[in-house]
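As structure tokens, the structure follows; a few thoughts come after it.
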Amino acid sequence: MKRRRPRPAPRRRTTGPWTEAHVHRLFWRAGFGARPDEAAEWAKRGRAATLRWVLEGGPQGAALVGPAPSADGKPLDPVNEWAHDGLWWLDRMVRSQRPLVEKMTLFWHDHFATNDQDTPLMLRQNRTLRRHALGSFPKLLRALTLDPAMQLFLSLPNSDKDAPNENFARELMELFTLGVGYTERDIREAARALTGFRARWTDDGFGGIYYDRERHDRGFKRIFGQRGRFDWRDVLRLVVDHPRHAPFLTTKLWEFFVAGPPSRATVRRLSAVYRASGHRIEPVVAEILDHPALYRSLDAPDMVKSPIVFVAGSLRTNGLPVSAQSLTWLLDGMGQRPFDPPSVAGWDWGPAWMSSNSMRTRFDWGNRLIEDDLLGVKTGSTQPPASPAEALEQALAATGRPWISGVTRSHLLEMATRFFDDLGPRTRPQRRSERADMLQRSLRLILLAGPDAQLH
Amino acid sequence: MRADHISVRASWGITAAAVAVAAGGCLPAGAGAAGTAVGVAEREFRISLYRATVAPGTVRFNVTNFGEDAHDLAVLTPRGRLLAISPEIRAGRRHTLTVRLRRPGAYRLVCTKLDHPARGMRATLRVRRPRR
Ligand SMILES: [Cu+2]
């Protein structure tokens, strides 16, 4: 399949100063945000060191650092308790010292979206996605093709030579590897090549996937203009070698990290990097994370946090643990419950996250946070602030110093200024203090869940 | 994956009113129930247990119906006496069935619908005292 391709554009790297704003942008896009102390430290250490830590991890590896998760006071039982599977993963996003690995696991969970399968199989698939998150795409694709949850979800074990099921072949081309550049006939022929898998069921439930040569169609197939006695391995090789594959996957990766589509030169460049690396993910992600476009408009973030990123991020940047089963139901209300994508096409990213119901639930989450002992305000605990600026500073310090725009800042200062307007000079000190508590709660809620908190 | 950030900005003004709207937010608390949880998946025509063995005591069967038909879950003692049965669980729904399993032994789990047990909707949960 040799084709003459235009020469790829040269690599574009971030240049200029490396500030806390850069670190915040990188840590949100490549993970789940940075605490203020992390942002200060990595701004000092510089761009190269920060990118290296994000991409390769530090001496702690993928250790989970911070308070252990629980669900309403009990340890998690991700296999047997409802919703604990999601909490288990959320905890990794909150505490892992390889946040990019968790972020990429989320990318692949959306890319190879699977649902309604047994919890142990979903957890097993999640570990597979994590193991290959930044590695070789062909290996990831092979692992997912053999993955029980995926196989059962797309009826691969029910597909044999007498009645090939096209589900997997179709999604393989449409969603997993190509998007365009194939015909219905390619799907039909690939489905024939993919026959032979069977599921074993015992009295204790699912007993594994096996291959039965007798159920495999050993005849000739014609896929993408090539003819052969293809089997499932050949199909995976053919889709990865297809000229549309590299642009398809690198564009999708780009759009996961950067607002706005990549230029054609960028797609050519990323595709060349991807092919030259032997179809590895990490070199492509490394280029994207170092690209100037990722750091565009640092003072006006232009991507909406997905619900999972929003919730995990607010815990991570405030050093709070996963602690309640209800978190999973909150994520459900926001439209992104882990292990439960709406269909094989994954979630609808972008503006779809911003339905009024979803936004309402995000505010509920903010309310939940300010009820917490750590971020909350006990009645009578706040002294009336010396100035509006001091009130805002207190609230920022208590909430992990999230980004706010200049406009929001002036609105919040105005709110703080007027908050005591109706209290006369003879108001009792206790009443003033209660009003100061209320101001703190309001400021913190807006910082944690207001419009600016939805963006990164 | 691109953000339509303009509509985010437009969607809410930063006012005290937004805070007032949000102040009522309350959500169902977690179950916090006692006992050993056993995940159970039902589909046509299988019952999968996510735990094969438990210690004697209270067991919560967290049942999910992944199938297309309605099912239920009945727990039988090793001698075949009916201990508990769930209501009908419709496709895609969940139900928790709490049962006390006092004595060690092999407890049978079945769906009682028509011929479902014969077609494969049965499983065994072993109750065993923990080794010391
Ligand atoms: Cu049944």
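Each chain in the structure tokens gets a letter, A, B and so on, in the order shown; residues start at 1 in every chain, and ligands are counted from 1 in the order they appear.
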
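Proximal residues of ligand 1 are Glu44, Phe45, Ala70, His71, Asp72, Cys111, Thr112, Lys113, His116 and Met121 of chain B, by a cut-off of 7 Å on only C-alpha atoms and all ligand atoms.
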
Just list as a short mmCIF file (atom, residue, chain, number, x, y, z; two decimals) with N, CA and C atoms, in the first residue's frame whatever in stretch 34-257 of chain A DSSP marks as strand (DSSP E or B).
```cif
data_model
loop_
_atom_site.label_atom_id
_atom_site.label_comp_id
_atom_site.auth_asym_id
_atom_site.auth_seq_id
_atom_site.Cartn_x
_atom_site.Cartn_y
_atom_site.Cartn_z
N LEU A 64 0.10 5.13 44.52
CA LEU A 64 -1.07 5.92 44.90
C LEU A 64 -0.71 6.67 46.18
N ALA A 71 -15.99 3.93 50.99
CA ALA A 71 -17.36 4.24 50.61
C ALA A 71 -18.17 4.26 51.87
N LYS A 74 -16.50 2.39 54.72
CA LYS A 74 -16.01 1.03 54.52
C LYS A 74 -15.01 0.99 53.38
N SER A 96 -2.95 8.62 41.75
CA SER A 96 -1.82 8.02 41.04
C SER A 96 -0.74 9.04 40.72
N SER A 136 2.28 0.18 22.59
CA SER A 136 2.07 -0.13 21.18
C SER A 136 0.58 -0.27 20.89
N ASP A 160 -19.58 -17.47 13.83
CA ASP A 160 -18.83 -18.59 13.27
C ASP A 160 -19.02 -18.66 11.76
N ALA A 163 -22.46 -18.37 10.23
CA ALA A 163 -23.19 -17.11 10.39
C ALA A 163 -22.27 -16.07 11.01
N PHE A 197 -13.86 -17.61 17.42
CA PHE A 197 -13.83 -17.43 18.88
C PHE A 197 -15.08 -18.03 19.52
N ARG A 198 -14.90 -18.58 20.70
CA ARG A 198 -16.02 -19.15 21.45
C ARG A 198 -15.89 -18.75 22.92
N ALA A 199 -17.02 -18.65 23.60
CA ALA A 199 -17.01 -18.38 25.04
C ALA A 199 -17.35 -19.66 25.77
N ARG A 200 -16.66 -19.91 26.86
CA ARG A 200 -16.94 -21.08 27.68
C ARG A 200 -17.77 -20.64 28.88
N TRP A 201 -18.89 -21.31 29.10
CA TRP A 201 -19.73 -21.00 30.26
C TRP A 201 -19.79 -22.22 31.15
N THR A 202 -19.62 -22.03 32.45
CA THR A 202 -19.70 -23.14 33.40
C THR A 202 -20.80 -22.83 34.41
N GLY A 205 -20.45 -19.51 35.98
CA GLY A 205 -20.46 -18.30 35.15
C GLY A 205 -19.47 -18.41 34.00
N PHE A 206 -18.94 -17.26 33.58
CA PHE A 206 -18.07 -17.19 32.42
C PHE A 206 -16.76 -17.93 32.66
N GLY A 207 -16.36 -18.76 31.71
CA GLY A 207 -15.15 -19.57 31.90
C GLY A 207 -14.04 -19.27 30.90
N GLY A 208 -14.11 -18.17 30.20
CA GLY A 208 -13.01 -17.78 29.32
C GLY A 208 -13.36 -17.86 27.85
N ILE A 209 -12.50 -17.20 27.04
CA ILE A 209 -12.63 -17.21 25.58
C ILE A 209 -11.64 -18.22 25.04
N TYR A 210 -12.03 -19.01 24.05
CA TYR A 210 -11.07 -19.90 23.39
C TYR A 210 -11.29 -19.86 21.89
N TYR A 211 -10.35 -20.42 21.16
CA TYR A 211 -10.42 -20.39 19.71
C TYR A 211 -10.70 -21.79 19.20
N LYS A 221 -10.48 -14.54 1.56
CA LYS A 221 -11.24 -13.31 1.76
C LYS A 221 -10.54 -12.19 1.00
N ARG A 222 -11.32 -11.16 0.69
CA ARG A 222 -10.75 -10.00 0.02
C ARG A 222 -11.02 -8.77 0.89
N ILE A 223 -9.95 -8.20 1.45
CA ILE A 223 -10.10 -7.05 2.36
C ILE A 223 -9.16 -5.93 1.90
N GLN A 226 -6.89 -6.71 -0.90
CA GLN A 226 -5.92 -7.80 -0.78
C GLN A 226 -6.66 -9.11 -0.58
N ARG A 227 -6.06 -10.19 -1.09
CA ARG A 227 -6.73 -11.47 -1.04
C ARG A 227 -5.87 -12.47 -0.27
N GLY A 228 -6.52 -13.25 0.57
CA GLY A 228 -5.78 -14.26 1.31
C GLY A 228 -6.70 -15.06 2.20
#
```

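Selected on chain A by distance to chain B: Asn80, Asp203, Asp204, Gly205, Glu255, Phe256, Ala259, Gly260, Asp302, Met303, Val304, Gln325, Ser326, Trp349, Gly350, Pro351, Phe363 and Asp364 of chain A (within 6 Å, counting only C-alpha atoms).
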
Just-selected residues, N, CA and C atoms written as a tab-separated table (two decimals), in the first residue's frame:
```
chain	number	residue	atom	x	y	z
A	80	ASN	N	-17.85	-6.63	44.01
A	80	ASN	CA	-19.16	-7.08	44.50
A	80	ASN	C	-20.14	-5.96	44.85
A	203	ASP	N	-20.97	-23.72	35.37
A	203	ASP	CA	-21.98	-23.47	36.40
A	203	ASP	C	-21.63	-22.27	37.27
A	204	ASP	N	-20.38	-21.86	37.26
A	204	ASP	CA	-19.99	-20.69	38.05
A	204	ASP	C	-19.95	-19.42	37.21
A	205	GLY	N	-20.45	-19.51	35.98
A	205	GLY	CA	-20.46	-18.30	35.15
A	205	GLY	C	-19.47	-18.41	34.00
A	255	GLU	N	-7.49	15.67	19.55
A	255	GLU	CA	-8.72	16.33	19.99
A	255	GLU	C	-9.10	15.97	21.43
A	256	PHE	N	-8.45	14.95	21.97
A	256	PHE	CA	-8.64	14.63	23.39
A	256	PHE	C	-7.90	15.66	24.27
A	259	ALA	N	-8.13	21.86	22.25
A	259	ALA	CA	-9.38	22.39	21.69
A	259	ALA	C	-9.12	22.78	20.24
A	260	GLY	N	-10.00	22.39	19.37
A	260	GLY	CA	-9.84	22.76	17.96
A	260	GLY	C	-9.14	21.67	17.20
A	302	ASP	N	-10.14	26.71	27.12
A	302	ASP	CA	-11.15	26.57	26.08
A	302	ASP	C	-11.64	25.14	25.90
A	303	MET	N	-11.42	24.27	26.89
A	303	MET	CA	-12.01	22.93	26.83
A	303	MET	C	-12.87	22.71	28.07
A	304	VAL	N	-13.98	22.00	27.87
A	304	VAL	CA	-14.84	21.66	29.01
A	304	VAL	C	-14.30	20.39	29.66
A	325	GLN	N	-20.13	6.39	48.16
A	325	GLN	CA	-20.69	5.68	47.02
A	325	GLN	C	-21.47	6.64	46.11
A	326	SER	N	-22.04	7.65	46.72
A	326	SER	CA	-22.89	8.57	45.96
A	326	SER	C	-22.13	9.30	44.85
A	349	TRP	N	-18.42	13.92	23.66
A	349	TRP	CA	-17.59	14.90	24.38
A	349	TRP	C	-17.93	16.30	23.90
A	350	GLY	N	-17.63	17.27	24.74
A	350	GLY	CA	-17.82	18.66	24.33
A	350	GLY	C	-19.09	19.25	24.87
A	351	PRO	N	-19.80	20.00	24.03
A	351	PRO	CA	-20.98	20.73	24.52
A	351	PRO	C	-22.02	19.83	25.17
A	363	PHE	N	-23.05	21.44	40.17
A	363	PHE	CA	-23.20	22.36	41.30
A	363	PHE	C	-23.48	21.59	42.60
A	364	ASP	N	-24.28	20.53	42.48
A	364	ASP	CA	-24.53	19.67	43.65
A	364	ASP	C	-23.20	19.15	44.21
```

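Pairwise distance (atom CA of A:Leu412, atom CA of A:Phe27) equals 25.7 Å.
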
What is the atom CA of A:Arg218 to atom CA of A:Leu194 distance in Å? 10.2 Å

List every residue of stretch 131-347 of chain A that DSSP, applied to the backbone of this structure, assigns to helix (DSSP H, G or I), and report them as a PyMOL selection string. chain A and resi 131+137-145+148-153+156-158+167-177+184-193+213-215+232-241+245-257+264-276+282-289+292-295+307-318+326-334

With only C-alpha atoms as the basis for distance, which of A:Glu41, A:Glu189, A:Glu166, A:Glu81 is at the shortest distance from B:His95? A:Glu81

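Interatomic distance, atom CA of A:Ser410 against atom CA of A:Leu448: 16.8 Å.
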
Distance criterion (only C-alpha atoms): nearest to B:Pro104 out of B:Val75, B:Val127, B:Val59, B:Leu82: B:Val127

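Residue nearest B:Gly57 within the list B:Ala74, B:Leu83, B:Arg100, B:Arg129: B:Arg100 [criterion: smallest interatomic distance, only C-alpha atoms].
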
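Each of A:Pro75, A:Gly335, A:Pro384, A:Pro243 was compared to A:Ala352 using only C-alpha atoms, and A:Gly335 turns out to be the nearest.
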
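Shortest separation to B:Arg93 among B:Arg126, B:Thr53, B:Leu109, B:Asp69 occurs at residue B:Asp69, atoms counted being only C-alpha atoms.
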
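Each of A:His242, A:Arg188, A:Phe257, A:Glu171 was checked against A:Arg296 using only C-alpha atoms; the smallest atom-to-atom distance is that of A:Phe257.
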